[in-house]
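Q: Below you'll find the structure I mean.
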Amino acid sequence: MKITRQKHAKKHLGFFRNNFGVREPYQILLDGTFCQAALRGRIQLREQLPRYLMGETQLCTTRCVLKELETLGNDLYGAKLIAQKCQVRNCPHFKNAMSGSECLLSMVEEGNPHHYFVATQDQNLSMKVKKEPGVPLMFIIQNTMVLDKPSPKTIAFVKAVESGQLVSVHEKESIKHLKEEQGLVKNPQQRRRKKHKKISGPNPLSCLKKKKKAPDTQSPASEKKRKRKRIRNRSNSKVLSEKQNAEGE
């Protein structure tokens, strides 16, 4: 019986691995009902889950689940201890906590980008999870853990992707990664970096001192020539004035 269960689990894991990119370590979100069922069935989750799924696992929960278990009192004290030993994943309800089922459902919406498994005994939550494609569902029946087969919604989604009607989240991520490697899409971190203008120094030409005009150093001979010209001009002017006076007389 155990071998048959592992064969089914291996088959289902292969389906989610090939179509939705589920990889080890498998991240399994636990709610209070699953922890309580494991406690009653004396199931050692940390030991038995890796054997059943044949791979490394991480037990996870959220703050909302922990707060819900605290409010329920001593009846679920053992389940609270199991949940407190799990890794706490950040949920968007830090200020306003909600029920554990609603919180886990919000963690796997929009294509389940983090590839979470949901482990719950809540039938209402299970029905809602099955409507989200690509979410592996686990539960406990007769003190035995079971990985549920892919839901009809998940199978229909995979067929739509194969026919080219839809693109899976896994394919979108791989396409984006390939574009970034080939340089077709800029890395968003590079877009955020603003180019700062370099502080340039003053113009070196503007720093040069103005050259003083050199005084005209002319030879004394040139000065004499100028004086002689002036003298000649004066004599010529006297001669002209005398001629004009003589003519007038």
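By order of appearance in the structure tokens: chains A, B, ..., then residues from 1 within every chain, and ligands from 1 in the order shown.
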Which residues are near Val22 in chain A? Cut-off 9 Å, only C-alpha atoms, ignore same chain within fewer than 5 positions. Put them as a PyMOL selection string.
A: chain A and resi 13-14+16-17+114-116+134
Q: So that I can check the surroundings of Cys60 in chain A, please list as a list in words every protein, DNA and RNA residue that reaches within 8 Å of it, counting only C-alpha atoms and ignoring chain neighbours fewer than 5 positions away.
A: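 The residues that qualify are Gln27, Ile28, Leu29, Leu30, Ala83, Cys86, Gln87, Val88 and Arg89 of chain A.
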Q: Within 12 Å of range 47-57 of chain A, which residues of range 100-141 of chain A show up? Give each one with its shortest atom-to-atom distance in Å (one decimal) and the two atoms involved, counting only C-alpha atoms, rows by chain then rising residue number, as JSON lines.
A:
```
{"residue": "A:Tyr116", "atom": "CA", "partner": "A:Thr57", "partner_atom": "CA", "distance": 10.9}
{"residue": "A:Phe117", "atom": "CA", "partner": "A:Thr57", "partner_atom": "CA", "distance": 10.2}
{"residue": "A:Ala119", "atom": "CA", "partner": "A:Leu49", "partner_atom": "CA", "distance": 11.3}
{"residue": "A:Pro136", "atom": "CA", "partner": "A:Leu53", "partner_atom": "CA", "distance": 11.8}
{"residue": "A:Met138", "atom": "CA", "partner": "A:Leu49", "partner_atom": "CA", "distance": 10.7}
{"residue": "A:Phe139", "atom": "CA", "partner": "A:Leu49", "partner_atom": "CA", "distance": 11.7}
{"residue": "A:Ile140", "atom": "CA", "partner": "A:Leu49", "partner_atom": "CA", "distance": 11.6}
```
Q: I'd like the neighbourhood of range 144-157 of chain A as a ChimeraX atom specification, where a residue qualifies if any of its atoms comes within 10 Å (using only C-alpha atoms), though same-chain residues fewer than 6 positions away should be ignored.
A: /A:2,5-6,8-13,15-16,19-20,34,37-38,41-43,45,48-49,52-53,117-119,127,129-138,163,165-168
Q: To one decimal in Å, tell me the separation between CA of Thr62 in chain A and CA of Gly21 in chain A.
A: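 Between these atoms lies a distance of 22.8 Å.
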